[in-house]
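Engineer: What follows is a single structure, and I will ask about it in a moment.
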There are 2 protein chains.
Amino acid sequence: MNYCGTSYPRNDGFDKVTGRAGFTDDIYLPHMLYAKVLRSPYAHAKVLSIDTSAAEALPGVEAVCSFKNTPNKPFNTSATMITTNPGMEPVRDQTIFTDEPKYIGDEIAAVAAETEAIAEEAIKLIKVEYEVLPAVYDPKEALEPGAPIVQPKYQNPEHNNICGCIININLGDVEKGFAEADVIVEADIKLPRVKQVQLEPHGAVATYKNGELEILSTTQTPHPSKMIIAYALDMPESKVRVANPPYIGGGFGSRIGLSGKAELLAAVLAMKALKPVKLIYTRKEDTTCSDSRHGGYLHARMGAKKDGTLVALDTTSWLNTGAYCTFGVELVGVCGACGTAGTYRIPNLKYVGHPVYTNQQTAGAFRGFGTPQGNSIVEACIDKIAQALNRDPLDLRKQNTTKNGDRNWFPFELGSVGVDECLDKAAAEIGWAEKRGKKQEGNIRRGVGIACGTHVSNAAPFCVDYNTIQLQFEQDGSFFIRSGIPELGPGSTTAITQVACDLMGVPMETTKLVFGDTYATPFDIGSHATRTLYSVSQVLEKACKVLKKDVLSYAANFLGVDEAELTLDNAIVSGAGKEITMKKLCYEAHLRGKQFLCTECNVPTNSLPWYADAAEVEVDMEKGIVKVLKIAAAHDVGKCINPALCEGQIEGGALQGVGYATTEEMIYVEGKGFINDTYATYKIPRADDRPELKSIIVESNDPKGTFGVKGIGEVGICAIVPAILSAVEDATGVRFTEIPLTPERVLKGLKEAGKI
Amino acid sequence: MNYCGTSYPRNDGFDKVTGRAGFTDDIYLPHMLYAKVLRSPYAHAKVLSIDTSAAEALPGVEAVCSFKNTPNKPFNTSATMITTNPGMEPVRDQTIFTDEPKYIGDEIAAVAAETEAIAEEAIKLIKVEYEVLPAVYDPKEALEPGAPIVQPKYQNPEHNNICGCIININLGDVEKGFAEADVIVEADIKLPRVKQVQLEPHGAVATYKNGELEILSTTQTPHPSKMIIAYALDMPESKVRVANPPYIGGGFGSRIGLSGKAELLAAVLAMKALKPVKLIYTRKEDTTCSDSRHGGYLHARMGAKKDGTLVALDTTSWLNTGAYCTFGVELVGVCGACGTAGTYRIPNLKYVGHPVYTNQQTAGAFRGFGTPQGNSIVEACIDKIAQALNRDPLDLRKQNTTKNGDRNWFPFELGSVGVDECLDKAAAEIGWAEKRGKKQEGNIRRGVGIACGTHVSNAAPFCVDYNTIQLQFEQDGSFFIRSGIPELGPGSTTAITQVACDLMGVPMETTKLVFGDTYATPFDIGSHATRTLYSVSQVLEKACKVLKKDVLSYAANFLGVDEAELTLDNAIVSGAGKEITMKKLCYEAHLRGKQFLCTECNVPTNSLPWYADAAEVEVDMEKGIVKVLKIAAAHDVGKCINPALCEGQIEGGALQGVGYATTEEMIYVEGKGFINDTYATYKIPRADDRPELKSIIVESNDPKGTFGVKGIGEVGICAIVPAILSAVEDATGVRFTEIPLTPERVLKGLKEAGKI
């Protein structure tokens, strides 16, 4: 078959366009209760007493849970807990409820009642007496001596308020490198905390019966979530079922592991009430009580020779991981590894990353997972080197980018490296040659910028990462696949089915992929780290080979021909002048007690996706308004399986990057918490904010990826911020060091630089 | 572990005793519609016209289906369709709806509406014009020349109204046998049509989306049902999901294949309405429009030598299979094979079985599947031989029963034969020696009787029969099993888990068996033919061996010891002075990208279960009332896995047999159909009708069965009728040749025999 490379329609398209798709909040089970959560109004406090009796007495209330009647076993809501390599211990610093809230929104108690209104009322009837404790919000302040301690029990034993450990990446000798440099630049950037604001808020429906727990969950990682839930509740994993509801409204990393704490909150209520419990986070709860992107500070020095050769890069990050460690440590690592150390040939590298506890909500995984943060500072540096050496920043980049055969600091071969083609194509599309460096005057000024980078196609070999797949031919020759992945919305399950059908030689129309249910599917780490299509394709490749051999061998015997002469395509086995449809072969095999099926596991390789984003902006010097006119996003995806879906990922990432650069920012007010917690107040780009988006697909045919494929899910966002900052600098002459580029911030920057 | 042999509590016990168990009618899906069916009021007719416009126009009606707008591809609702061996073609004589109804109740049209009341009203608005055609109801009449033809298109081409083919079983030379006989007896019996009346009526909930069909169904055979549904609708099997709801209220054979036609009726409505559709049969529909047990006639001649040695048996059956062929052919075969030819060493055997089409509802599978019918005639004959030779019927039986090493006509080794021990124990328990043959006088007379027999433990090698199982250790060492069987209520899933835990060496508490869902489980023929525990245990034995080897090999490497020294028990691998818990081993393996899992298929062997039932009855000669005082049911189960569950099967079967013998009978009135269609009018035994039931478990340790086990599900009922008839004869001197023994029938028989 030849599906790969075609925009085969999504398998969920009909349901979605006709409004029939059911999400978690559309689930209604008989006798189901509705849950609401009581959250801490203080950033740091001690619960002196809690009285739930009035809530319990309210008619219609069927369960009230708090730290007093639920397990307090420390765990970690993120999948980090079960993907950490041997010898590395995850930081387990969370409990289901707490008597010492550490951020505004921390879970104190929860209620399950016959209606949402009753649950809401019951929450108000819970009396809690708090002792307010000192709090800290800024990651740099948190590291100062005498700062309030956020996690005395779980912080790094040698560093106050460091979550896990300080990350160090070293290559060569960075001081020696700077000594050899002809030019050294420095850069700083301050990044906001931003939120995934996926369309569907976190939620779960839990049912407990006969000692088994069934959780319908919006998780990106059904199998790891099962492990986390079983761990926290001290249940056998075999008796915890985690299944995705029919559809999930996006994730962007916020659902790796648990969906907030929705699964466990619903579970303990269901276990107490012995009825199903549905908990859907409000938008406010989703925004302020689940993992966001890490904000914080980065500082870097970069050194280059006169000829432009980069020789040293020394980066430090202070990222605000909030009250609990979810992906705090890994993300700060990826920020250094991919974001700062991945893109260029730099022989002498140093990166020091600080994952810092503060009394704010937890930051964790969000599309890009640290790489956007790292890219922001490195791309600022290289633009400065270009200025210092009076070089074209595009040309300087290409001089220093990673080339085929390089390894940089990575512990594996990188696969194909298409970054230069990306740079060229993005630059061409944006009109780099004509537009860059043109002197701008007047109120409305235009500029173009470019930035590039890399990421990973999964978490191997850094973390535990493997896929299992089960294939079978049904008795009528139709093809059936079980995979433990979810479908968050990007269309992964459609693209994976295309790969499977091409590998197997069977039509899409008679192929079904079952996913997102731990009872129905074999183990898979799930959807994160840009891995889904890349890694599942690899295990499919392995399994299809095994299954095809079984089919052809049986067919050879059945037809009385030599197996080597047979091939399988379009669900027909043919060769040696004979042919038999899979429909007939499978039924004949069935009548003889035989079914074609196999189960295969695979630890994926890793291949680096590459990208270059070029931006064109318009700056209103008077109003401080930055308008992104166009993004040209060129992506080395290895091999494009489904152009429409691939472009969807690129465009979605780019637009999210435009929001990150220009409008998105979670605004924290002491004593109130994050105040812009609705779609009305937290400004993601709307349809009319969308610039012209041009996706450029570069196919470098990765030698390790199945059919040459690499990951695409996260990388769309990774270089948008530096591309826009570079374009704004091109327009205004000012390199902004803080985002988003709100009018206030732009006007202040222009003023300080004497540009207005 | 050592669970086998213990009455481990059922896995569904808590839910059931607390009333939390959800059945099909407890399912509510968003936007779900309710279905009702329009059924033929005529036993045979032609639909001249059908007008559904008024029904379609009724507000709240969302779909109206009939033969006019649904597939008319002939199929077969029973699993026979996909379990037939190569070369044997199933009889596909059904369509979803018909324009030529063949029994009172045949499906003409169906409606899905917002409420049941609207659907009911809409049904009444469908106008159908019929031409009434001649009909035939009795199987002997149906075979007479000139009888109306029920299935002109699908009947046997050489025999009018024969469904499939006439079954012939021959061993030796029966005429030669009779020539050698010193004594020849003849017997006749007329058996009623009886119904399973399982607690939960047939039902299904169908959802159609994105070209996929999901059916929640009460089927006993999820995977075969999927195949049947896909076949009838011309869909790929991979896109049809059949899943059992959380619980099913019994089946007794009535749900092998489809549940009536509930799945397909709900499916076509759901496909038309594009909303979920629930169809629950009323009790009346369940009773009169789904497969019952075959009633009909049997005649036999049996010959023996003076010394009691049986030398010949010639049996003919005429069984009423009704309007369509579901299991008509197979069941008439089993009647001969197990019922007449299975129990005794008879060198010269002949059986001619007639599966006869009539214009009544279809008869199909019901606990015992033909064996009770066959036993009834053979056990009558042997009692007559005993009388003729003045022998003790118990002693005569034991002289002729099958012994270890015999094959009779079976195409496989029989396994262990414990029938003599069963006879001895049942006889001892009923007080045979003291009570049998005692002259009875006065109005209330007592008697004892005994009967014995055999059956199968699955359908292999006669039909396609195989199991697939998937095993895995979760990352915390808990054990997880996937099997495509359902749980109809007997506790099979508990017993199977006991077997699995003993085989694997892991605790029940951390073991989960997932079943009853074609998307979640690998192929299994399902629950029928007394096969579930027997056949699943065999595939488990195969798979656990493979999985244990994988675990021990990995552990040996991990611990640095010799694999041969290691054993796994109680979820601990130990040996060579070392030990590691499965919890730790599985997690360490996980961290290294390894999970212990396997998939294995198996075509089971077959082993014969044996049994002897002794009955004590009291007959009121004046009122004609037969009261069964006691049943002693001795069963050679090979090895008893769970005594409580095993006794439950024996007692349930025995009680169903008491109803069959004494009260149950579907009463057909021409022009009205079966009129006793409720629990109030169709008399199954109530709690206060229960005689003393004594289950006696005989363990013959079958050499082929895992741990020595054989099947038990069906055999409880198989010899109850002849045991009671024999006891009544002992009490009254009259051998009744028609059941049930209603007072009218008893009084008539006693009168005709001159006993009153």
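Residues are named by chain letter and number: chains run A, B, ... in the order of the structure tokens, numbers start at 1 in each chain, and ligands are numbered from 1 in the order shown.
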Report as a list in words all protein, DNA and RNA residues lying within 8 Å of range 647-649 of chain A, evaluated on only C-alpha atoms, omitting residues in the same chain fewer than 4 positions from it.

Structural biologist: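 Returned residues: Pro490, Pro643, Gly653, Ser695, Ile697, Ile712, Gly713, Glu714 and Gly716 of chain A.
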
Engineer: Looking only at the backbone, which of the residues in range 443-536 of chain A does DSSP tag as alpha helix (DSSP H), as a list of chain:residue names?

Structural biologist: A:Ser492, A:Thr493, A:Thr494, A:Ala495, A:Ile496, A:Thr497, A:Gln498, A:Val499, A:Ala500, A:Cys501, A:Asp502, A:Leu503, A:Met504, A:Thr532, A:Leu533, A:Tyr534, A:Ser535, A:Val536

Engineer: Tell me which protein, DNA and RNA residues are within 7 Å of range 197-212 of chain A, counting only C-alpha atoms, leaving out same-chain ones fewer than 2 positions away, and put them as a PyMOL selection string.

Structural biologist: (chain A and resi 24+195+214-218+239-240+248-251+259-260+262-263+266-267+270-271+274-283+286-287) or (chain B and resi 11-12+14-15)

Engineer: Return the Cα root-mean-square deviation, in Å, for chain B superposed on chain A by least squares with the Cα atoms paired in order.

Structural biologist: 0.0 Å

Engineer: Using only C-alpha atoms, what table do you get, as JSON lines, when you list each residue of range 238-288 of chain A with an atom no more than 8 Å from range 92-111 of chain A, its nearest pair of atoms, and their distance in Å rounded to one decimal, rows by chain then rising number?

Structural biologist:
{"residue": "A:Lys261", "atom": "CA", "partner": "A:Ile96", "partner_atom": "CA", "distance": 7.5}
{"residue": "A:Leu264", "atom": "CA", "partner": "A:Ile96", "partner_atom": "CA", "distance": 6.8}
{"residue": "A:Leu265", "atom": "CA", "partner": "A:Ile96", "partner_atom": "CA", "distance": 7.0}
{"residue": "A:Leu269", "atom": "CA", "partner": "A:Val111", "partner_atom": "CA", "distance": 7.1}
{"residue": "A:Glu285", "atom": "CA", "partner": "A:Gly105", "partner_atom": "CA", "distance": 7.7}
{"residue": "A:Thr288", "atom": "CA", "partner": "A:Gly105", "partner_atom": "CA", "distance": 6.9}

Engineer: If you keep C-alpha atoms, can you produce a file of those selected residues as a PDB file, in the first residue's frame?

Structural biologist:
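After the write, out_14.pdb holds the following:
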ATOM      1  CA  LYS A 261      -4.932  15.368  40.022  1.00  0.00           C
ATOM      2  CA  LEU A 264      -6.855  10.466  42.045  1.00  0.00           C
ATOM      3  CA  LEU A 265      -9.379  12.953  43.375  1.00  0.00           C
ATOM      4  CA  LEU A 269     -14.252   9.845  46.238  1.00  0.00           C
ATOM      5  CA  GLU A 285      -8.834  25.213  38.155  1.00  0.00           C
ATOM      6  CA  THR A 288      -4.197  27.674  38.053  1.00  0.00           C
TER       7      THR A 288
END

Engineer: Quick one: which chain A residues come within 6 Å of chain B, and what is the nearest atom pair for each with the distance in Å to one decimal, counting only C-alpha atoms, rows ordered by chain and ascending number, as JSON lines?

Structural biologist:
{"residue": "A:Phe14", "atom": "CA", "partner": "B:Asn210", "partner_atom": "CA", "distance": 5.8}
{"residue": "A:Asn85", "atom": "CA", "partner": "B:Leu591", "partner_atom": "CA", "distance": 5.7}
{"residue": "A:Pro86", "atom": "CA", "partner": "B:Leu591", "partner_atom": "CA", "distance": 5.7}
{"residue": "A:Asn210", "atom": "CA", "partner": "B:Phe14", "partner_atom": "CA", "distance": 5.8}
{"residue": "A:Pro236", "atom": "CA", "partner": "B:Thr510", "partner_atom": "CA", "distance": 5.5}
{"residue": "A:Ser238", "atom": "CA", "partner": "B:Phe480", "partner_atom": "CA", "distance": 5.5}
{"residue": "A:Val464", "atom": "CA", "partner": "B:Leu591", "partner_atom": "CA", "distance": 5.7}
{"residue": "A:Tyr466", "atom": "CA", "partner": "B:Gly593", "partner_atom": "CA", "distance": 5.8}
{"residue": "A:Ser478", "atom": "CA", "partner": "B:Ser238", "partner_atom": "CA", "distance": 5.6}
{"residue": "A:Phe480", "atom": "CA", "partner": "B:Ser238", "partner_atom": "CA", "distance": 5.5}
{"residue": "A:Thr510", "atom": "CA", "partner": "B:Pro236", "partner_atom": "CA", "distance": 5.5}
{"residue": "A:Lys512", "atom": "CA", "partner": "B:Ser238", "partner_atom": "CA", "distance": 5.6}
{"residue": "A:Ala520", "atom": "CA", "partner": "B:Ala520", "partner_atom": "CA", "distance": 3.6}
{"residue": "A:Leu591", "atom": "CA", "partner": "B:Pro86", "partner_atom": "CA", "distance": 5.6}
{"residue": "A:Gly593", "atom": "CA", "partner": "B:Tyr466", "partner_atom": "CA", "distance": 5.8}

Engineer: With N, CA, C and O atoms retained, export the selected residues as a PDB file, in the first residue's frame.

Structural biologist:
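For reference, again.pdb as written:
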ATOM      1  N   PHE A  14     -15.313  12.435  11.070  1.00  0.00           N
ATOM      2  CA  PHE A  14     -16.767  12.501  10.945  1.00  0.00           C
ATOM      3  C   PHE A  14     -17.413  12.857  12.274  1.00  0.00           C
ATOM      4  O   PHE A  14     -18.273  13.736  12.356  1.00  0.00           O
ATOM      5  N   ASN A  85      15.385   6.349  34.676  1.00  0.00           N
ATOM      6  CA  ASN A  85      16.285   5.232  34.447  1.00  0.00           C
ATOM      7  C   ASN A  85      16.738   4.584  35.749  1.00  0.00           C
ATOM      8  O   ASN A  85      16.625   5.176  36.815  1.00  0.00           O
ATOM      9  N   PRO A  86      17.251   3.331  35.654  1.00  0.00           N
ATOM     10  CA  PRO A  86      17.736   2.654  36.858  1.00  0.00           C
ATOM     11  C   PRO A  86      18.721   3.533  37.620  1.00  0.00           C
ATOM     12  O   PRO A  86      19.569   4.187  37.024  1.00  0.00           O
ATOM     13  N   ASN A 210     -15.666  -4.146  43.285  1.00  0.00           N
ATOM     14  CA  ASN A 210     -15.003  -5.431  43.513  1.00  0.00           C
ATOM     15  C   ASN A 210     -13.493  -5.267  43.673  1.00  0.00           C
ATOM     16  O   ASN A 210     -12.726  -6.094  43.193  1.00  0.00           O
ATOM     17  N   PRO A 236      -2.789  -3.058  43.364  1.00  0.00           N
ATOM     18  CA  PRO A 236      -2.044  -3.698  42.273  1.00  0.00           C
ATOM     19  C   PRO A 236      -2.366  -3.018  40.934  1.00  0.00           C
ATOM     20  O   PRO A 236      -3.526  -2.689  40.672  1.00  0.00           O
ATOM     21  N   SER A 238      -2.596  -4.258  38.162  1.00  0.00           N
ATOM     22  CA  SER A 238      -3.499  -5.085  37.353  1.00  0.00           C
ATOM     23  C   SER A 238      -4.953  -4.751  37.633  1.00  0.00           C
ATOM     24  O   SER A 238      -5.808  -5.043  36.814  1.00  0.00           O
ATOM     25  N   VAL A 464      13.320   5.827  30.650  1.00  0.00           N
ATOM     26  CA  VAL A 464      12.693   4.574  30.228  1.00  0.00           C
ATOM     27  C   VAL A 464      11.716   4.892  29.100  1.00  0.00           C
ATOM     28  O   VAL A 464      10.923   5.823  29.203  1.00  0.00           O
ATOM     29  N   TYR A 466       9.662   2.651  26.001  1.00  0.00           N
ATOM     30  CA  TYR A 466       9.435   1.508  25.104  1.00  0.00           C
ATOM     31  C   TYR A 466       7.977   1.394  24.705  1.00  0.00           C
ATOM     32  O   TYR A 466       7.100   1.964  25.340  1.00  0.00           O
ATOM     33  N   SER A 478      -9.463  -8.697   7.970  1.00  0.00           N
ATOM     34  CA  SER A 478      -9.265  -7.292   8.345  1.00  0.00           C
ATOM     35  C   SER A 478      -8.173  -7.228   9.412  1.00  0.00           C
ATOM     36  O   SER A 478      -7.886  -8.209  10.088  1.00  0.00           O
ATOM     37  N   PHE A 480      -6.061  -5.592  12.669  1.00  0.00           N
ATOM     38  CA  PHE A 480      -6.416  -5.063  13.985  1.00  0.00           C
ATOM     39  C   PHE A 480      -5.128  -4.832  14.772  1.00  0.00           C
ATOM     40  O   PHE A 480      -4.266  -5.708  14.835  1.00  0.00           O
ATOM     41  N   THR A 510     -10.082  -1.382   6.102  1.00  0.00           N
ATOM     42  CA  THR A 510     -10.383  -2.580   6.882  1.00  0.00           C
ATOM     43  C   THR A 510      -9.404  -2.730   8.050  1.00  0.00           C
ATOM     44  O   THR A 510      -9.225  -3.816   8.582  1.00  0.00           O
ATOM     45  N   LYS A 512      -8.150  -1.378  11.878  1.00  0.00           N
ATOM     46  CA  LYS A 512      -8.586  -0.680  13.091  1.00  0.00           C
ATOM     47  C   LYS A 512      -7.433  -0.648  14.091  1.00  0.00           C
ATOM     48  O   LYS A 512      -6.773  -1.664  14.325  1.00  0.00           O
ATOM     49  N   ALA A 520      -7.212  -2.821  27.373  1.00  0.00           N
ATOM     50  CA  ALA A 520      -7.318  -3.321  26.002  1.00  0.00           C
ATOM     51  C   ALA A 520      -5.981  -3.346  25.274  1.00  0.00           C
ATOM     52  O   ALA A 520      -5.859  -4.024  24.255  1.00  0.00           O
ATOM     53  N   LEU A 591     -10.663 -21.780  10.361  1.00  0.00           N
ATOM     54  CA  LEU A 591     -11.353 -23.078  10.384  1.00  0.00           C
ATOM     55  C   LEU A 591     -10.416 -24.191  10.849  1.00  0.00           C
ATOM     56  O   LEU A 591     -10.858 -25.237  11.293  1.00  0.00           O
ATOM     57  N   GLY A 593      -8.161 -23.592  13.260  1.00  0.00           N
ATOM     58  CA  GLY A 593      -7.692 -23.242  14.610  1.00  0.00           C
ATOM     59  C   GLY A 593      -6.484 -22.334  14.636  1.00  0.00           C
ATOM     60  O   GLY A 593      -5.723 -22.324  15.607  1.00  0.00           O
TER      61      GLY A 593
END

Engineer: What is the distance between CA of Val499 in chain A and CA of Cys4 in chain A, in Å to one decimal?

Structural biologist: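 That distance, rounded to one decimal, is 6.2 Å.
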
Engineer: Name all residues at most 7 Å from Gln196 in chain B (count only C-alpha atoms; drop same-chain ones fewer than 6 positions away) and give them as a list in words.

Structural biologist: Phe252, Ser254, Ser292 and Phe366 of chain B

Engineer: With N, CA, C and O atoms retained, could you export that selection as a short mmCIF file (atom, residue, chain, number, x, y, z; two decimals), in the first residue's frame?

Structural biologist:
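Listed below is the output, again-v9.cif:
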data_model
loop_
_atom_site.label_atom_id
_atom_site.label_comp_id
_atom_site.auth_asym_id
_atom_site.auth_seq_id
_atom_site.Cartn_x
_atom_site.Cartn_y
_atom_site.Cartn_z
N PHE B 252 -27.34 -20.03 29.54
CA PHE B 252 -27.78 -21.42 29.36
C PHE B 252 -27.84 -21.80 27.89
O PHE B 252 -28.64 -22.65 27.50
N SER B 254 -28.68 -19.83 25.37
CA SER B 254 -29.54 -19.00 24.53
C SER B 254 -28.79 -17.83 23.91
O SER B 254 -29.32 -17.16 23.04
N SER B 292 -35.09 -21.77 21.84
CA SER B 292 -35.48 -22.58 23.00
C SER B 292 -34.74 -23.92 22.92
O SER B 292 -33.90 -24.12 22.05
N PHE B 366 -29.34 -25.10 24.46
CA PHE B 366 -29.82 -24.98 25.83
C PHE B 366 -29.08 -26.06 26.61
O PHE B 366 -29.09 -27.23 26.21
#

Engineer: Identify which of the residues A:Cys335, A:Leu747, A:Val185, A:Ala113 lies closest to Ser317 in chain A, counting only C-alpha atoms when measuring atom-to-atom distances.

Structural biologist: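 Counting only C-alpha atoms, the residue closest to Ser317 in chain A is A:Cys335.
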
Engineer: Show which residues sit within 8 Å of range 343-347 of chain A, as a compact mmCIF listing (two decimals) with all heavy atoms, in the first residue's frame. Count only C-alpha atoms, and ignore same-chain residues fewer than 4 positions away.

Structural biologist:
# COMPACT_ATOMS: atom_id res chain seq x y z
N LEU A 171 30.83 19.92 28.09
CA LEU A 171 31.52 19.33 26.94
C LEU A 171 32.77 20.18 26.73
O LEU A 171 32.71 21.42 26.79
CB LEU A 171 30.60 19.39 25.71
CG LEU A 171 31.07 18.67 24.45
CD1 LEU A 171 30.99 17.14 24.62
CD2 LEU A 171 30.24 19.09 23.25
N GLY A 172 33.88 19.54 26.53
CA GLY A 172 35.12 20.28 26.37
C GLY A 172 35.46 21.07 27.62
O GLY A 172 35.15 20.67 28.73
N GLY A 177 37.69 27.50 26.01
CA GLY A 177 36.98 27.96 24.82
C GLY A 177 36.87 29.47 24.78
O GLY A 177 37.18 30.12 23.76
N LEU A 310 31.97 29.16 16.30
CA LEU A 310 31.62 29.20 17.72
C LEU A 310 32.58 28.32 18.49
O LEU A 310 32.88 27.20 18.07
CB LEU A 310 30.18 28.72 17.95
CG LEU A 310 29.07 29.50 17.24
CD1 LEU A 310 27.71 28.94 17.60
CD2 LEU A 310 29.14 30.99 17.60
N VAL A 311 33.04 28.82 19.66
CA VAL A 311 34.00 28.02 20.43
C VAL A 311 33.56 27.76 21.86
O VAL A 311 34.07 26.84 22.51
CB VAL A 311 35.42 28.67 20.46
CG1 VAL A 311 36.08 28.51 19.09
CG2 VAL A 311 35.36 30.15 20.84
N ALA A 312 32.63 28.57 22.37
CA ALA A 312 32.23 28.34 23.76
C ALA A 312 30.82 28.86 24.02
O ALA A 312 30.40 29.86 23.45
CB ALA A 312 33.21 29.01 24.72
N LEU A 313 30.12 28.13 24.87
CA LEU A 313 28.80 28.58 25.30
C LEU A 313 28.61 28.18 26.77
O LEU A 313 28.77 27.02 27.13
CB LEU A 313 27.70 27.93 24.45
CG LEU A 313 26.26 28.21 24.91
CD1 LEU A 313 25.91 29.69 24.80
CD2 LEU A 313 25.27 27.37 24.09
N CYS A 338 18.91 20.00 24.72
CA CYS A 338 18.43 20.27 23.35
C CYS A 338 18.47 21.76 23.05
O CYS A 338 18.87 22.17 21.97
CB CYS A 338 17.01 19.75 23.18
SG CYS A 338 16.89 17.97 23.31
N GLY A 339 17.99 22.54 24.03
CA GLY A 339 17.85 23.97 23.77
C GLY A 339 19.16 24.68 23.62
O GLY A 339 19.34 25.48 22.69
N ARG A 397 24.67 31.22 11.26
CA ARG A 397 24.05 29.98 11.77
C ARG A 397 24.49 28.78 10.94
O ARG A 397 24.96 27.78 11.47
CB ARG A 397 22.51 30.11 11.72
CG ARG A 397 21.95 30.88 12.90
CD ARG A 397 20.44 31.04 12.81
NE ARG A 397 19.87 31.56 14.04
CZ ARG A 397 19.91 32.83 14.42
NH1 ARG A 397 20.50 33.75 13.67
NH2 ARG A 397 19.38 33.20 15.58
N ASN A 400 27.70 27.27 11.59
CA ASN A 400 27.92 26.57 12.86
C ASN A 400 26.95 25.43 13.16
O ASN A 400 27.11 24.72 14.15
CB ASN A 400 27.87 27.57 14.01
CG ASN A 400 29.11 28.45 14.04
OD1 ASN A 400 30.17 28.00 14.45
ND2 ASN A 400 28.98 29.68 13.55
N THR A 401 25.92 25.31 12.34
CA THR A 401 24.93 24.27 12.65
C THR A 401 25.54 22.87 12.62
O THR A 401 26.54 22.63 11.96
CB THR A 401 23.77 24.28 11.62
OG1 THR A 401 24.32 24.45 10.32
CG2 THR A 401 22.78 25.38 11.92
N THR A 402 24.89 22.00 13.32
CA THR A 402 25.25 20.58 13.33
C THR A 402 25.11 20.01 11.91
O THR A 402 24.19 20.39 11.19
CB THR A 402 24.30 19.85 14.29
OG1 THR A 402 24.44 20.45 15.57
CG2 THR A 402 24.59 18.36 14.38
N ASP A 406 27.73 14.54 12.86
CA ASP A 406 28.07 15.11 14.16
C ASP A 406 27.37 14.35 15.27
O ASP A 406 26.34 13.70 15.05
CB ASP A 406 27.62 16.58 14.23
CG ASP A 406 28.54 17.50 13.42
OD1 ASP A 406 29.59 17.02 12.95
OD2 ASP A 406 28.18 18.68 13.26
N ASN A 408 27.61 16.12 18.61
CA ASN A 408 27.53 17.08 19.71
C ASN A 408 27.72 16.34 21.03
O ASN A 408 28.56 15.46 21.13
CB ASN A 408 26.22 17.86 19.67
CG ASN A 408 26.14 18.75 18.43
OD1 ASN A 408 27.13 18.88 17.69
ND2 ASN A 408 25.01 19.37 18.20
N CYS A 452 16.65 28.74 14.74
CA CYS A 452 16.57 27.32 14.43
C CYS A 452 16.86 26.49 15.66
O CYS A 452 17.16 27.02 16.72
CB CYS A 452 17.53 26.96 13.29
SG CYS A 452 19.25 27.28 13.70
N GLY A 453 16.74 25.18 15.50
CA GLY A 453 17.00 24.34 16.65
C GLY A 453 16.70 22.88 16.38
O GLY A 453 16.46 22.47 15.24
N THR A 454 16.74 22.13 17.45
CA THR A 454 16.45 20.70 17.36
C THR A 454 15.66 20.28 18.59
O THR A 454 15.29 21.11 19.41
CB THR A 454 17.77 19.89 17.21
OG1 THR A 454 17.43 18.54 16.95
CG2 THR A 454 18.60 19.97 18.48

Engineer: Considering only C-alpha atoms, return as a list in words whatever protein or nucleic-acid residues lie within 12 Å of Ser574 in chain B, sequence-local ones (same chain, fewer than 2 positions apart) excluded.

Structural biologist: Gly505, Val551, Leu552, Ala555, Ala556, Leu559, Val561, Asp562, Glu563, Ala564, Glu565, Leu566, Thr567, Leu568, Asp569, Asn570, Ala571, Ile572, Ala576, Gly577, Lys578, Glu579, Ile580, Thr581, Met582 and Leu585 of chain B

Engineer: So what do you get for CA of Lys36 in chain A versus CA of Ala54 in chain A, distance-wise?

Structural biologist: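 These atoms are spaced 15.4 Å apart.
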
Engineer: Do you have the CA of Lys226 in chain B-CA of Thr532 in chain B distance handy?

Structural biologist: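 Between CA of Lys226 in chain B and CA of Thr532 in chain B the gap is 18.5 Å.
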